[in-house]
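Enquirer: Here it is: the structure, laid out below.
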Amino acid sequence: MNELLGRVFSFEKKVFPQSSELYHQLSTHGQAPKALMISCADSRIVPEQIMQAEPGDLFVCRNAGNMVPAYSTMNGGVSSTVEYAVVALGVRDIIVCGHSDCGAMKALAAPDAPEGMPNVVAWLRHGAAAEHVVSSCSPHLEGGERVRAVSLQNIIAQLDHLRTHPSVASAIARGEMSLHGWFVDIKAGQVLGLDGDTGQFVPLREDAPMPVALAAQVRFAREPDLAEAAE
């Protein structure tokens with residue numbers, strides 16, 4: 001804690017003075033983040049560092065396994081964060097970000113549930129579909145390959161859950177929302193993105209279009225205008 005406390009003092013004495021104008025602007029005009037990132041709580045994954053984000057750029061929700069529970073009337077931290085980001089902040093992009101060597105995915109991929117952690121076991125049920133898909137479609141995978149497959153499939157499953165949230169579904173229907181699925185390979189220092197057209201995770205590259213899980217486009221079939229119909 002002494003080391004961490006020293007970093008707080010460093011922020012106050014060095015970092016803040018260099019960005020005082022930005023912080024003043026944020027405190028005066030409020031926040032307008034460019035995207036919501038739902039990532040794992042793993043200490044090795046720092047969304048702001050991966051995105052090279054400045055204060056005010058990124059709205060972040062972190063939890064074990066980057067889970068997004070399917071929408072229900074029961075209040076929850078993830079659901080509330082998503083709703084606030086979309087409705088109040090007008091975020092137009094949501095990123096579900098998983099990563100390699102994820103402890104939650106290891107537990108999800110294991111044959112037996114972790115002992116002594118009933119809340120973790122209950123939380124991991126939000127990723128049950130991912131484990132089931134891998135077990136059904138690739139039963140030969142073992143060890144690290146199985147964990148990686150579950151991790152990738154879990155990102156897809158959580159994106160599906162995300163679309164059950166009314167605020168997200170409405171924004172998608174209006175063509176105001178894009179969804180992204182990212183996977184951070186810690187050892188390789190590489191970020192993969194889900195291509196919604198192919199269903200594959202491909203590396204993000206400067207010289208190539210960014211893979212998008214679900215691109216923004218109007219999906220709600222409105223009734224034709226009477227004047228247009230008359231023509």
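So you can find residues: chains in the structure tokens are A, B, ... in the order shown, residues in each start at 1, and ligands are numbered from 1 in order.
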Which parts of segment 29-93 of chain A does DSSP call strand (DSSP E or B) when run on the backbone here, written out as a list in words?

Expert: Ala35, Leu36, Met37, Ile38, Ser39, Cys40, Leu58, Phe59, Val60, Cys61, Arg62, Asn63 and Asp93 of chain A

Enquirer: With only C-alpha atoms counted and 9 Å as the cut-off, give the residues of segment 112-210 of chain A in contact with segment 78-82 of chain A, each with its shortest interatomic distance in Å and the pair that gives it, as a Markdown table.

Expert:
| residue | atom | partner | partner_atom | distance |
| --- | --- | --- | --- | --- |
| A:Leu162 | CA | A:Val82 | CA | 8.6 |
| A:His165 | CA | A:Ser79 | CA | 7.8 |
| A:Ser167 | CA | A:Val82 | CA | 8.1 |
| A:Val168 | CA | A:Val82 | CA | 8.0 |

Enquirer: Please produce an output containing N, CA, C and O atoms for each residue in the selection, written as a short mmCIF file (atom, residue, chain, number, x, y, z; two decimals), in the first residue's frame.

Expert:
data_model
loop_
_atom_site.label_atom_id
_atom_site.label_comp_id
_atom_site.auth_asym_id
_atom_site.auth_seq_id
_atom_site.Cartn_x
_atom_site.Cartn_y
_atom_site.Cartn_z
N LEU A 162 -25.91 -8.81 -24.32
CA LEU A 162 -25.97 -7.35 -24.39
C LEU A 162 -27.15 -6.90 -25.24
O LEU A 162 -27.81 -5.90 -24.95
N HIS A 165 -30.69 -6.19 -23.73
CA HIS A 165 -30.95 -4.99 -22.93
C HIS A 165 -31.73 -3.99 -23.78
O HIS A 165 -31.29 -3.62 -24.87
N SER A 167 -32.21 -0.78 -23.83
CA SER A 167 -31.53 0.44 -24.29
C SER A 167 -30.60 0.13 -25.45
O SER A 167 -30.50 0.89 -26.42
N VAL A 168 -29.91 -1.01 -25.38
CA VAL A 168 -28.99 -1.41 -26.44
C VAL A 168 -29.77 -1.82 -27.69
O VAL A 168 -29.45 -1.42 -28.81
#

Enquirer: Atom CA of Leu22 of chain A and atom CA of Pro47 of chain A are how many Å apart?

Expert: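 Separation of atom CA of Leu22 of chain A and atom CA of Pro47 of chain A: 19.7 Å.
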
Enquirer: Tell me which of A:Leu152, A:Val147, A:Gln200, A:Gly175 sits closest to Ala109 of chain A, counting only C-alpha atoms.

Expert: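 Smallest distance to Ala109 of chain A is found for A:Val147.
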
Enquirer: DSSP on the backbone, then: every residue of segment 42-210 of chain A marked helix (DSSP H, G or I), written as a PyMOL selection string.

Expert: chain A and resi 47-50+77-88+103-109+118-137+143-162+166-173

Enquirer: Find, counting only C-alpha atoms, the residue in A:Asp93, A:Asp101, A:Glu83, A:Glu54 that gets nearest to Asp42 of chain A.

Expert: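 Among the listed residues, A:Asp101 lies closest to Asp42 of chain A.
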
Enquirer: Let me make sure I understand: among A:Cys102, A:Ala113, A:Val218, A:Ile45, which one has the smallest atom-to-atom distance to Arg174 of chain A if we use only C-alpha atoms?

Expert: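 Checking each candidate against Arg174 of chain A, we get A:Val218 as the closest.
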
Enquirer: I'd like the interatomic distance between atom CA of Asn66 of chain A and atom CA of Met37 of chain A, to a tenth of an Å.

Expert: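 About the pair atom CA of Asn66 of chain A and atom CA of Met37 of chain A: they are 9.4 Å apart.
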
Enquirer: Any idea what's packed within 7 Å of Leu214 of chain A, counting only C-alpha atoms, ignoring anything in its chain fewer than 2 positions away? Could you give it as a ChimeraX atom specification?

Expert: /A:178-180,196,212,216

Enquirer: Excluding segment 117-127 of chain A and residues on its chain fewer than 3 positions from it, collect all residues at most 10 Å away from it, counting only C-alpha atoms, and give them as a ChimeraX atom specification.

Expert: /A:63-70,104-105,107-109,113-114,130-132,150-151,153-158,161
